[in-house]
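Chemist: Please find entry.csv (CSV, C-alpha atoms) on the next line:
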```csv
chain,number,residue,atom,x,y,z
A,1,MET,CA,22.7,-1.8,47.9
A,2,GLU,CA,23.6,-1.6,44.3
A,3,THR,CA,25.2,-4.6,42.6
A,4,GLU,CA,28.8,-4.1,41.6
A,5,ARG,CA,29.0,-4.7,37.8
A,6,LEU,CA,32.2,-6.7,37.4
A,7,TYR,CA,31.5,-7.3,33.7
A,8,GLU,CA,32.2,-3.6,33.1
A,9,GLN,CA,35.6,-4.0,34.7
A,10,ASP,CA,36.7,-7.2,33.1
A,11,SER,CA,34.7,-8.9,30.3
A,12,HIS,CA,36.9,-12.0,30.6
A,13,LEU,CA,36.2,-12.6,34.3
A,14,ILE,CA,34.9,-16.2,34.6
A,15,ARG,CA,34.9,-17.0,38.4
A,16,TRP,CA,34.2,-14.7,41.3
A,17,GLU,CA,32.6,-14.8,44.8
A,18,ALA,CA,29.4,-12.9,45.7
A,19,THR,CA,26.9,-12.6,48.5
A,20,VAL,CA,23.2,-13.2,48.0
A,21,LEU,CA,21.3,-10.0,48.8
A,22,ALA,CA,17.8,-11.2,47.9
A,23,CYS,CA,16.0,-14.2,46.5
A,24,GLU,CA,12.4,-13.8,45.5
A,25,ALA,CA,10.0,-16.4,44.1
A,26,VAL,CA,8.6,-15.5,40.7
A,27,ILE,CA,6.7,-17.3,38.0
A,28,ASP,CA,8.6,-20.5,37.0
A,29,GLY,CA,11.4,-19.9,39.5
A,30,TYR,CA,13.3,-17.3,41.5
A,31,ARG,CA,15.1,-14.0,40.9
A,32,VAL,CA,18.3,-13.5,42.8
A,33,VAL,CA,20.2,-10.3,43.6
A,34,LEU,CA,23.9,-10.4,44.2
A,35,ASP,CA,26.3,-7.8,45.7
A,36,ARG,CA,28.6,-8.2,42.7
A,37,THR,CA,28.1,-9.9,39.4
A,38,ALA,CA,29.9,-10.6,36.1
A,39,PHE,CA,26.6,-11.9,34.6
A,40,PHE,CA,25.7,-9.3,31.9
A,41,PRO,CA,21.9,-8.4,31.9
A,42,GLU,CA,20.3,-8.3,28.5
A,43,GLY,CA,20.4,-4.9,27.0
A,44,GLY,CA,21.7,-2.7,24.3
A,45,GLY,CA,20.9,-5.3,21.7
A,46,GLN,CA,23.0,-8.0,23.5
A,47,LEU,CA,21.6,-11.2,25.0
A,48,SER,CA,22.1,-11.9,28.7
A,49,ASP,CA,24.7,-14.2,30.3
A,50,GLY,CA,24.1,-17.4,32.1
A,51,GLY,CA,26.1,-19.8,34.3
A,52,VAL,CA,26.0,-21.1,37.9
A,53,MET,CA,26.0,-19.6,41.4
A,54,GLY,CA,27.0,-22.3,43.8
A,55,LYS,CA,25.2,-25.3,42.5
A,56,VAL,CA,22.2,-23.4,41.1
A,57,ARG,CA,22.1,-22.6,37.4
A,58,VAL,CA,21.6,-19.1,36.3
A,59,LEU,CA,19.3,-19.2,33.2
A,60,GLU,CA,19.0,-15.5,32.3
A,61,THR,CA,20.1,-12.1,33.7
A,62,HIS,CA,18.0,-8.9,33.4
A,63,GLU,CA,18.0,-5.4,34.7
A,64,LYS,CA,15.0,-3.5,35.9
A,65,GLU,CA,14.9,-0.1,37.5
A,66,GLY,CA,18.7,-0.3,38.2
A,67,HIS,CA,18.5,-3.7,39.8
A,68,ILE,CA,20.2,-6.8,38.3
A,69,TYR,CA,18.2,-9.9,38.6
A,70,HIS,CA,19.5,-13.5,38.1
A,71,PHE,CA,16.8,-15.9,37.2
A,72,THR,CA,17.0,-19.5,38.5
A,73,LYS,CA,14.9,-22.6,38.9
A,74,GLU,CA,16.0,-23.1,42.6
A,75,PRO,CA,16.2,-20.7,45.5
A,76,VAL,CA,19.5,-19.5,47.0
A,77,PRO,CA,19.8,-18.7,50.7
A,78,VAL,CA,19.9,-14.9,51.4
A,79,GLY,CA,23.2,-13.9,53.0
A,80,ALA,CA,25.0,-17.0,51.6
A,81,ALA,CA,28.4,-16.5,50.0
A,82,VAL,CA,28.4,-18.3,46.6
A,83,GLU,CA,31.0,-19.0,44.0
A,84,CYS,CA,29.8,-17.9,40.6
A,85,ARG,CA,31.0,-19.2,37.3
A,86,LEU,CA,30.2,-17.7,33.9
A,87,ASP,CA,29.0,-19.8,30.9
A,88,TRP,CA,32.1,-18.8,29.0
A,89,PRO,CA,31.2,-20.2,25.5
A,90,ARG,CA,27.9,-18.2,25.7
A,91,ARG,CA,29.8,-15.0,26.8
A,92,LEU,CA,32.4,-15.5,24.1
A,93,ASP,CA,29.7,-15.9,21.4
A,94,HIS,CA,28.0,-12.7,22.6
A,95,MET,CA,31.2,-10.7,22.7
A,96,GLN,CA,32.2,-11.9,19.2
A,97,GLN,CA,28.8,-10.9,17.8
A,98,HIS,CA,28.7,-7.6,19.6
A,99,THR,CA,32.2,-6.5,18.9
A,100,GLY,CA,31.8,-7.7,15.3
A,101,GLU,CA,28.7,-5.5,15.1
A,102,HIS,CA,30.7,-2.5,16.2
A,103,ILE,CA,33.4,-3.2,13.6
A,104,LEU,CA,30.9,-3.8,10.7
A,105,SER,CA,28.8,-0.8,11.6
A,106,TRP,CA,32.0,1.4,11.7
A,107,ALA,CA,33.0,0.0,8.3
A,108,PHE,CA,29.7,1.1,6.7
A,109,TRP,CA,29.9,4.5,8.4
A,110,ASN,CA,33.6,5.0,7.6
A,111,LEU,CA,33.3,4.1,3.9
A,112,TYR,CA,29.8,5.5,3.0
A,113,GLY,CA,28.5,7.5,5.9
A,114,VAL,CA,25.7,5.0,6.4
A,115,GLU,CA,24.4,5.0,10.0
A,116,ASN,CA,23.4,2.1,12.2
A,117,VAL,CA,19.9,2.9,13.4
A,118,GLY,CA,19.2,-0.5,15.0
A,119,PHE,CA,21.0,-3.6,16.3
A,120,HIS,CA,19.6,-7.0,17.3
A,121,MET,CA,21.4,-10.2,18.5
A,122,GLY,CA,19.3,-13.3,18.3
A,123,GLN,CA,20.1,-16.9,19.3
A,124,GLU,CA,21.0,-17.7,15.7
A,125,LEU,CA,21.4,-14.5,13.6
A,126,VAL,CA,22.6,-10.9,14.2
A,127,THR,CA,21.3,-7.9,12.3
A,128,ILE,CA,22.0,-4.2,12.0
A,129,ASP,CA,19.5,-1.7,10.5
A,130,LEU,CA,21.1,0.8,8.2
A,131,SER,CA,19.8,4.3,7.4
A,132,ARG,CA,19.6,3.5,3.7
A,133,PRO,CA,19.7,0.5,1.4
A,134,VAL,CA,23.2,-0.6,0.4
A,135,THR,CA,24.4,-2.3,-2.7
A,136,GLN,CA,26.2,-5.6,-2.9
A,137,GLU,CA,29.4,-3.8,-3.8
A,138,GLU,CA,29.1,-1.7,-0.7
A,139,MET,CA,28.4,-4.7,1.5
A,140,ASP,CA,31.4,-6.5,0.1
A,141,ALA,CA,33.7,-3.5,0.7
A,142,ALA,CA,32.4,-3.0,4.3
A,143,GLU,CA,32.8,-6.7,5.0
A,144,GLU,CA,36.4,-6.5,3.6
A,145,LEU,CA,37.3,-3.5,5.8
A,146,ALA,CA,35.7,-5.1,8.9
A,147,ASN,CA,37.7,-8.3,8.5
A,148,ARG,CA,40.9,-6.4,7.9
A,149,ASN,CA,40.3,-4.5,11.2
A,150,ILE,CA,39.8,-7.9,12.9
A,151,TRP,CA,42.9,-9.6,11.4
A,152,GLU,CA,45.1,-6.6,12.4
A,153,ASP,CA,44.1,-7.5,16.0
A,154,HIS,CA,43.6,-4.0,17.3
A,155,PRO,CA,43.1,-3.5,21.1
A,156,VAL,CA,39.6,-2.7,22.3
A,157,ARG,CA,39.3,-0.3,25.3
A,158,CYS,CA,36.2,0.3,27.4
A,159,TYR,CA,36.2,3.3,29.7
A,160,THR,CA,34.0,6.0,31.3
A,161,ALA,CA,34.0,9.6,30.0
A,162,SER,CA,32.3,12.7,31.1
A,163,PRO,CA,30.0,14.6,28.7
A,164,GLU,CA,32.8,17.1,28.2
A,165,GLU,CA,35.4,14.4,27.4
A,166,ALA,CA,32.9,12.5,25.1
A,167,ALA,CA,32.2,15.8,23.2
A,168,LYS,CA,35.9,15.8,22.1
A,169,LEU,CA,35.7,12.3,20.6
A,170,THR,CA,34.7,11.4,17.1
A,171,LEU,CA,31.8,9.2,18.1
A,172,ARG,CA,30.1,7.0,15.5
A,173,LYS,CA,27.0,6.8,17.7
A,174,LYS,CA,26.1,8.4,21.0
A,175,THR,CA,23.1,7.5,23.1
A,176,GLU,CA,20.8,10.3,24.1
A,177,LYS,CA,19.1,8.3,26.8
A,178,VAL,CA,21.9,8.4,29.3
A,179,ALA,CA,22.7,11.5,31.4
A,180,GLY,CA,26.0,12.1,33.0
A,181,ASP,CA,29.1,10.0,32.4
A,182,LEU,CA,29.1,7.7,29.3
A,183,ARG,CA,30.7,4.3,28.8
A,184,ILE,CA,32.8,4.4,25.7
A,185,VAL,CA,34.0,1.5,23.6
A,186,GLU,CA,37.0,2.4,21.5
A,187,ILE,CA,38.7,0.2,18.9
A,188,GLU,CA,42.2,1.3,17.9
A,189,ASP,CA,42.1,2.6,14.3
A,190,GLY,CA,38.4,1.9,14.2
A,191,ASP,CA,35.1,2.4,15.9
A,192,ILE,CA,34.4,4.7,18.9
A,193,CYS,CA,30.9,4.8,20.3
A,194,THR,CA,28.9,4.6,23.5
A,195,CYS,CA,27.8,1.1,24.6
A,196,CYS,CA,26.9,-0.8,27.7
A,197,GLY,CA,27.7,-4.4,26.5
A,198,THR,CA,30.6,-6.7,26.9
A,199,HIS,CA,33.3,-6.7,24.2
A,200,ALA,CA,36.4,-8.6,23.2
A,201,ASN,CA,39.8,-7.3,24.5
A,202,ARG,CA,41.2,-7.3,21.0
A,203,THR,CA,39.5,-7.4,17.6
A,204,GLY,CA,41.3,-10.7,16.7
A,205,GLU,CA,39.0,-12.5,19.2
A,206,VAL,CA,36.1,-11.8,16.8
A,207,GLY,CA,37.7,-14.1,14.3
A,208,LEU,CA,35.5,-13.2,11.3
A,209,VAL,CA,32.6,-11.2,10.1
A,210,LYS,CA,30.4,-12.6,7.3
A,211,ILE,CA,27.4,-10.8,5.8
A,212,LEU,CA,24.7,-13.3,4.8
A,213,ARG,CA,22.1,-11.1,3.1
A,214,GLN,CA,20.3,-7.8,3.1
A,215,GLU,CA,16.6,-7.3,3.8
A,216,HIS,CA,15.0,-4.1,2.7
A,217,THR,CA,13.1,-2.1,5.3
A,218,LYS,CA,11.1,1.1,5.2
A,219,GLY,CA,13.6,3.7,4.2
A,220,GLY,CA,16.7,1.5,4.8
A,221,SER,CA,18.0,-2.0,5.0
A,222,ARG,CA,18.6,-4.8,7.5
A,223,VAL,CA,22.0,-6.5,7.1
A,224,VAL,CA,22.1,-10.0,8.4
A,225,PHE,CA,25.5,-11.3,9.5
A,226,LEU,CA,27.4,-13.7,11.8
A,227,CYS,CA,30.7,-13.5,13.6
A,228,GLY,CA,33.3,-15.8,15.0
A,229,GLY,CA,32.0,-19.3,16.0
A,230,ARG,CA,28.6,-18.6,14.5
A,231,ALA,CA,30.2,-17.7,11.1
A,232,LEU,CA,32.3,-20.9,11.3
A,233,GLY,CA,29.2,-23.0,12.1
A,234,ASP,CA,27.3,-21.4,9.2
A,235,TYR,CA,30.1,-22.1,6.8
A,236,ARG,CA,30.5,-25.7,8.0
A,237,GLN,CA,26.7,-26.3,7.5
A,238,LYS,CA,26.6,-24.7,4.0
A,239,ASN,CA,29.8,-26.4,2.9
A,240,ARG,CA,28.3,-29.8,3.9
A,241,VAL,CA,25.1,-28.9,2.0
A,242,THR,CA,27.1,-27.8,-1.0
A,243,MET,CA,29.1,-31.0,-1.1
A,244,GLU,CA,26.0,-33.1,-0.9
A,245,ALA,CA,24.3,-31.1,-3.7
A,246,GLY,CA,27.4,-31.4,-5.9
A,247,ALA,CA,27.5,-35.2,-5.3
A,248,ALA,CA,23.7,-35.5,-6.1
A,249,LEU,CA,24.2,-33.5,-9.3
A,250,SER,CA,27.5,-35.3,-10.1
A,251,VAL,CA,29.3,-32.0,-10.5
A,252,LYS,CA,32.0,-30.1,-8.7
A,253,GLU,CA,30.7,-27.6,-6.1
A,254,THR,CA,31.6,-24.6,-8.4
A,255,TYR,CA,29.3,-26.1,-11.1
A,256,ILE,CA,26.2,-26.6,-9.0
A,257,PRO,CA,24.3,-23.7,-10.6
A,258,ASP,CA,25.0,-25.2,-14.0
A,259,GLY,CA,23.9,-28.6,-12.8
A,260,ILE,CA,20.7,-27.2,-11.4
A,261,ARG,CA,19.9,-25.4,-14.6
A,262,ARG,CA,20.5,-28.6,-16.6
A,263,LEU,CA,18.3,-30.6,-14.2
A,264,LYS,CA,15.5,-28.0,-14.5
A,265,GLY,CA,15.7,-28.2,-18.3
A,266,GLU,CA,15.5,-32.0,-18.1
A,267,LEU,CA,12.5,-31.9,-15.7
A,268,ALA,CA,10.7,-29.3,-17.9
A,269,ALA,CA,11.2,-31.6,-20.9
A,270,GLN,CA,10.0,-34.7,-18.9
A,271,GLY,CA,7.0,-32.7,-17.6
A,272,ALA,CA,6.0,-31.7,-21.2
A,273,ALA,CA,6.3,-35.3,-22.3
A,274,LEU,CA,4.2,-36.4,-19.3
A,275,ARG,CA,1.5,-33.8,-20.0
A,276,GLU,CA,1.3,-34.9,-23.6
A,277,LYS,CA,0.9,-38.6,-22.5
A,278,GLY,CA,-1.7,-37.5,-20.0
A,279,ARG,CA,-3.6,-35.7,-22.7
A,280,MET,CA,-3.5,-38.8,-24.9
A,281,LEU,CA,-4.7,-40.9,-22.0
A,282,THR,CA,-7.5,-38.5,-21.2
A,283,ASP,CA,-8.6,-38.6,-24.9
A,284,LEU,CA,-8.7,-42.4,-24.7
A,285,ILE,CA,-10.7,-42.4,-21.4
A,286,ALA,CA,-13.1,-39.8,-22.9
A,287,ARG,CA,-13.5,-41.8,-26.1
A,288,ASP,CA,-14.4,-45.0,-24.1
A,289,LEU,CA,-16.8,-43.1,-21.7
A,290,LEU,CA,-18.6,-41.4,-24.6
A,291,ALA,CA,-18.9,-44.7,-26.5
A,292,ALA,CA,-20.6,-46.2,-23.4
A,293,ALA,CA,-22.7,-43.1,-22.5
A,294,PRO,CA,-26.1,-44.1,-21.2
A,295,ALA,CA,-29.4,-43.4,-23.0
A,296,PRO,CA,-31.0,-40.1,-22.2
A,297,GLY,CA,-32.8,-39.9,-18.9
A,298,ARG,CA,-34.8,-37.1,-17.4
A,299,MET,CA,-31.6,-34.9,-17.3
A,300,GLY,CA,-30.5,-36.1,-20.7
A,301,ARG,CA,-27.3,-38.1,-21.3
A,302,VAL,CA,-25.3,-38.0,-18.1
A,303,ILE,CA,-21.9,-39.7,-17.8
A,304,LEU,CA,-21.0,-40.6,-14.1
A,305,THR,CA,-17.4,-41.8,-13.7
A,306,CYS,CA,-15.0,-42.4,-10.8
A,307,GLN,CA,-11.4,-41.9,-11.7
A,308,PRO,CA,-9.2,-42.8,-8.7
A,309,ASP,CA,-5.9,-42.4,-10.6
A,310,LEU,CA,-6.4,-38.8,-12.0
A,311,ASP,CA,-5.3,-35.6,-10.3
A,312,ALA,CA,-7.1,-32.3,-10.3
A,313,LYS,CA,-5.7,-31.0,-13.6
A,314,GLU,CA,-6.3,-34.3,-15.4
A,315,ALA,CA,-9.8,-34.5,-14.0
A,316,LYS,CA,-10.6,-31.0,-15.3
A,317,LEU,CA,-9.1,-31.9,-18.7
A,318,LEU,CA,-11.3,-35.0,-18.9
A,319,LEU,CA,-14.4,-33.2,-18.0
A,320,ASN,CA,-13.8,-30.6,-20.7
A,321,ARG,CA,-13.3,-33.3,-23.3
A,322,LEU,CA,-16.5,-35.0,-22.3
A,323,VAL,CA,-18.7,-31.9,-22.5
A,324,GLU,CA,-17.4,-30.9,-25.9
A,325,THR,CA,-19.9,-33.5,-27.2
A,326,PRO,CA,-23.4,-32.1,-27.8
A,327,GLY,CA,-26.0,-33.3,-25.4
A,328,ILE,CA,-23.6,-34.7,-22.8
A,329,ALA,CA,-23.4,-33.8,-19.1
A,330,ALA,CA,-20.7,-35.4,-16.9
A,331,VAL,CA,-20.2,-36.0,-13.3
A,332,LEU,CA,-16.6,-36.9,-12.5
A,333,LEU,CA,-15.2,-38.0,-9.1
A,334,TYR,CA,-11.6,-38.4,-8.1
A,335,ARG,CA,-9.8,-38.7,-4.8
A,336,VAL,CA,-7.1,-36.7,-2.9
A,337,PRO,CA,-5.3,-38.7,-0.2
A,338,GLY,CA,-4.8,-37.1,3.2
A,339,LYS,CA,-1.3,-36.0,4.4
A,340,GLU,CA,0.4,-37.1,7.6
A,341,GLY,CA,-2.6,-39.0,8.9
A,342,ALA,CA,-5.2,-36.5,7.8
A,343,GLU,CA,-8.4,-37.9,6.2
A,344,GLY,CA,-8.5,-37.7,2.4
A,345,ARG,CA,-11.1,-36.1,0.3
A,346,VAL,CA,-13.3,-37.1,-2.6
A,347,CYS,CA,-13.6,-34.3,-5.1
A,348,TYR,CA,-16.3,-34.0,-7.8
A,349,LEU,CA,-16.5,-31.9,-10.9
A,350,LEU,CA,-19.8,-31.5,-12.9
A,351,GLY,CA,-20.2,-29.9,-16.3
A,352,LYS,CA,-22.5,-30.1,-19.4
A,353,ALA,CA,-22.7,-29.2,-23.0
A,354,PRO,CA,-24.8,-26.1,-23.8
A,355,ASP,CA,-27.7,-28.1,-25.1
A,356,SER,CA,-27.8,-30.6,-22.1
A,357,PRO,CA,-30.9,-30.3,-19.8
A,358,ALA,CA,-28.9,-31.4,-16.8
A,359,ASP,CA,-28.6,-29.1,-13.7
A,360,CYS,CA,-25.0,-29.3,-12.4
A,361,LYS,CA,-25.8,-27.3,-9.3
A,362,TYR,CA,-28.6,-29.6,-8.3
A,363,LEU,CA,-26.5,-32.7,-8.8
A,364,CYS,CA,-23.6,-31.2,-6.8
A,365,GLU,CA,-26.0,-30.7,-3.8
A,366,ILE,CA,-26.9,-34.4,-3.9
A,367,LEU,CA,-23.2,-35.3,-3.9
A,368,ASN,CA,-22.7,-33.0,-0.9
A,369,GLY,CA,-25.3,-35.0,0.9
A,370,LEU,CA,-23.8,-38.4,0.0
A,371,TYR,CA,-20.3,-37.4,1.0
A,372,ASN,CA,-21.0,-34.9,3.8
A,373,GLY,CA,-19.3,-32.4,1.6
A,374,LYS,CA,-19.3,-28.8,0.5
A,375,GLY,CA,-19.6,-27.3,-2.9
A,376,GLY,CA,-21.7,-25.5,-5.4
A,377,GLY,CA,-21.8,-23.7,-8.7
A,378,LYS,CA,-24.2,-23.0,-11.5
A,379,ALA,CA,-26.4,-25.1,-13.8
A,380,ASN,CA,-23.6,-25.5,-16.4
A,381,PHE,CA,-20.7,-26.2,-14.0
A,382,ALA,CA,-20.3,-27.1,-10.3
A,383,GLN,CA,-17.6,-28.6,-8.0
A,384,GLY,CA,-17.1,-29.7,-4.4
A,385,SER,CA,-15.5,-32.2,-2.1
A,386,GLY,CA,-16.4,-34.4,0.8
A,387,ARG,CA,-15.2,-37.3,3.0
A,388,LEU,CA,-13.2,-40.0,1.3
A,389,LEU,CA,-15.4,-42.9,2.4
A,390,PRO,CA,-14.0,-46.5,2.0
A,391,ASN,CA,-16.7,-47.2,-0.5
A,392,TRP,CA,-16.6,-43.8,-2.2
A,393,GLN,CA,-17.0,-45.2,-5.7
A,394,GLU,CA,-20.0,-47.4,-4.8
A,395,THR,CA,-21.6,-44.4,-3.0
A,396,ALA,CA,-21.6,-42.4,-6.2
A,397,GLY,CA,-23.9,-45.1,-7.7
A,398,ALA,CA,-26.7,-43.7,-5.6
A,399,LEU,CA,-26.8,-40.7,-8.0
A,400,TYR,CA,-27.8,-43.0,-10.9
A,401,LYS,CA,-31.3,-43.4,-9.3
A,402,LEU,CA,-31.9,-39.7,-9.9
A,403,LEU,CA,-30.7,-39.6,-13.5
```
The structure in this file should be written as structure tokens.
Modeler:
Amino acid sequence: METERLYEQDSHLIRWEATVLACEAVIDGYRVVLDRTAFFPEGGGQLSDGGVMGKVRVLETHEKEGHIYHFTKEPVPVGAAVECRLDWPRRLDHMQQHTGEHILSWAFWNLYGVENVGFHMGQELVTIDLSRPVTQEEMDAAEELANRNIWEDHPVRCYTASPEEAAKLTLRKKTEKVAGDLRIVEIEDGDICTCCGTHANRTGEVGLVKILRQEHTKGGSRVVFLCGGRALGDYRQKNRVTMEAGAALSVKETYIPDGIRRLKGELAAQGAALREKGRMLTDLIARDLLAAAPAPGRMGRVILTCQPDLDAKEAKLLLNRLVETPGIAAVLLYRVPGKEGAEGRVCYLLGKAPDSPADCKYLCEILNGLYNGKGGGKANFAQGSGRLLPNWQETAGALYKLL
């Protein structure tokens, strides 16, 4: 027995009675077949309905090979008469997004002849794929026309038409997958197309259409938008963020871009000043290390230094300053703390002046062994990293015995 599709007759039906025709155990629950249902099965780009049948919650509704299945966590007795109740906020949201999609797609088609070649309704965002990229001016105009159609509160009519009757209509979009009679959704002074979904009774129910952005796709574009309650929620969130940003920058909301540019300029100036101070500090450290450089050993004059307060850029700058001095080789270690409980790393850089007899690659291999690390390079420069041991600075002293 085929399930009577009440949602096609009345998209605003919330309560009805039905008889359970089948209840089959599946992975993670049960799938139930009713003799009549207002739960819309996912399809045509629209998400499925949910609600309750009796005391059992309907999680999702899907259609397969002409059968409508209601997925639940609990079984329902076959033959039982159950009172069903639709999750109305969920249905209203879906109708707002879907009807809004019809209106926005019609606006692009009506104004510019751009066709909708794809539609997807997600849990958070809604998208339409257009046959070509559109400009910001075209999006603004389509959005304006769509909202004017909504605010004029036109009636929305859903009906069945034969192929001959449908051929006389100016359809924006017609599915080629369905043979026989077609389900038509017609908006007064607006869109006419074939569609299987649930829709508002009047365009005013949609409330608002707001385009968020455009994403370029191969040969076209994807327009991301929201309607009704989702658009209101998005505005509420962004308004809150905007107000917080304005307060943080001590400017009115309309001056936030200027405040950000001012802040970026201040940060750039401070960054330049810090880099200059870092260079000066590096020069001082290099001067002290060179003054205390050890006497030549079998690898010449090798400076071994641990610098726990330097970052990677500063360490590289210090190494370069040291090896500018003839005859000097340098082994420099610094640490990188771990993030979110991860173990930190000890990093090492090795370099030498052209006339130094040291072998940086060889010394790096020794450090790999001391710190269970990985790294390598050439005779004139090498680098690596290993475990950040509690006594990482003392461990480096073992390298002195080989110098």
Chemist: Find the residues near A:Leu318: any atom within 7 Å, counting all atoms listed in the file, skip ones fewer than 4 places away on the same chain, and give them as a VMD selection string.
Modeler: chain A and resid 282 286 314 322
Chemist: Within 10 Å of A:Cys193, counting only C-alpha atoms, which residues show up once you throw out same-chain ones fewer than 5 positions away? Write them as a JSON list (two decimals) with C-alpha atoms, in the frame of the given file, please.
Modeler:
```json
[["chain", "number", "residue", "atom", "x", "y", "z"],
["A", 102, "HIS", "CA", 30.70, -2.50, 16.20],
["A", 106, "TRP", "CA", 32.00, 1.40, 11.70],
["A", 158, "CYS", "CA", 36.20, 0.30, 27.40],
["A", 166, "ALA", "CA", 32.90, 12.50, 25.10],
["A", 169, "LEU", "CA", 35.70, 12.30, 20.60],
["A", 170, "THR", "CA", 34.70, 11.40, 17.10],
["A", 171, "LEU", "CA", 31.80, 9.20, 18.10],
["A", 172, "ARG", "CA", 30.10, 7.00, 15.50],
["A", 173, "LYS", "CA", 27.00, 6.80, 17.70],
["A", 174, "LYS", "CA", 26.10, 8.40, 21.00],
["A", 175, "THR", "CA", 23.10, 7.50, 23.10],
["A", 182, "LEU", "CA", 29.10, 7.70, 29.30],
["A", 183, "ARG", "CA", 30.70, 4.30, 28.80],
["A", 184, "ILE", "CA", 32.80, 4.40, 25.70],
["A", 185, "VAL", "CA", 34.00, 1.50, 23.60],
["A", 186, "GLU", "CA", 37.00, 2.40, 21.50],
["A", 187, "ILE", "CA", 38.70, 0.20, 18.90]]
```
Chemist: One decimal, in Å: what's the spacing between atom CA of A:Met95 and atom CA of A:Tyr159?
Modeler: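 That distance, rounded to one decimal, is 16.4 Å.
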Chemist: Using only C-alpha atoms, can you list as a list in words the residues within 8 Å of (19.7, -8.0, 34.9)?
Modeler: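 In the file's frame, the residues around the point are Phe39, Phe40, Pro41, Glu42, Ser48, Glu60, Thr61, His62, Glu63, Lys64, His67, Ile68, Tyr69 and His70 of chain A.
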Chemist: Any chance you could export the current selection's C-alpha atoms as a tab-separated table (two decimals), in the frame of the given file?
Modeler:
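Saved file again_9.tsv follows:
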```
chain	number	residue	atom	x	y	z
A	39	PHE	CA	26.60	-11.90	34.60
A	40	PHE	CA	25.70	-9.30	31.90
A	41	PRO	CA	21.90	-8.40	31.90
A	42	GLU	CA	20.30	-8.30	28.50
A	48	SER	CA	22.10	-11.90	28.70
A	60	GLU	CA	19.00	-15.50	32.30
A	61	THR	CA	20.10	-12.10	33.70
A	62	HIS	CA	18.00	-8.90	33.40
A	63	GLU	CA	18.00	-5.40	34.70
A	64	LYS	CA	15.00	-3.50	35.90
A	67	HIS	CA	18.50	-3.70	39.80
A	68	ILE	CA	20.20	-6.80	38.30
A	69	TYR	CA	18.20	-9.90	38.60
A	70	HIS	CA	19.50	-13.50	38.10
```
Chemist: Using all atoms listed in the file - which residues lie no farther than 12 Å from the point (-16.4, -29.8, -22.8) in the file's frame? Write them as a PyMOL selection string.
Modeler: chain A and resi 283+286+290+315-331+350-356+380-381
Chemist: Can you pull out the residues contacting stretch 5-7 of chain A? Cut-off 7 Å, using only C-alpha atoms, and skip same-chain residues under 3 positions away; I want them as an mmCIF file with C-alpha atoms, keeping the file's coordinate frame.
Modeler:
```
data_model
loop_
_atom_site.group_PDB
_atom_site.id
_atom_site.type_symbol
_atom_site.label_atom_id
_atom_site.label_comp_id
_atom_site.auth_asym_id
_atom_site.auth_seq_id
_atom_site.Cartn_x
_atom_site.Cartn_y
_atom_site.Cartn_z
ATOM 1 C CA ASP A 10 36.700 -7.200 33.100
ATOM 2 C CA SER A 11 34.700 -8.900 30.300
ATOM 3 C CA ARG A 36 28.600 -8.200 42.700
ATOM 4 C CA THR A 37 28.100 -9.900 39.400
ATOM 5 C CA ALA A 38 29.900 -10.600 36.100
ATOM 6 C CA PHE A 39 26.600 -11.900 34.600
ATOM 7 C CA PHE A 40 25.700 -9.300 31.900
ATOM 8 C CA THR A 198 30.600 -6.700 26.900
#
```
Chemist: Considering all atoms listed in the file, state which residue in the set A:Val117, A:Glu144, A:Thr242, A:Gly122 is at the smallest distance from A:Ile103.
Modeler: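 Residue with the minimum atom-to-atom distance to A:Ile103: A:Glu144.
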Chemist: Which of these, A:Arg275, A:Arg261, A:Lys313, A:Lys73, has the shortest distance to A:Asp28 once you count all atoms listed in the file?
Modeler: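 Nearest to A:Asp28: A:Lys73.
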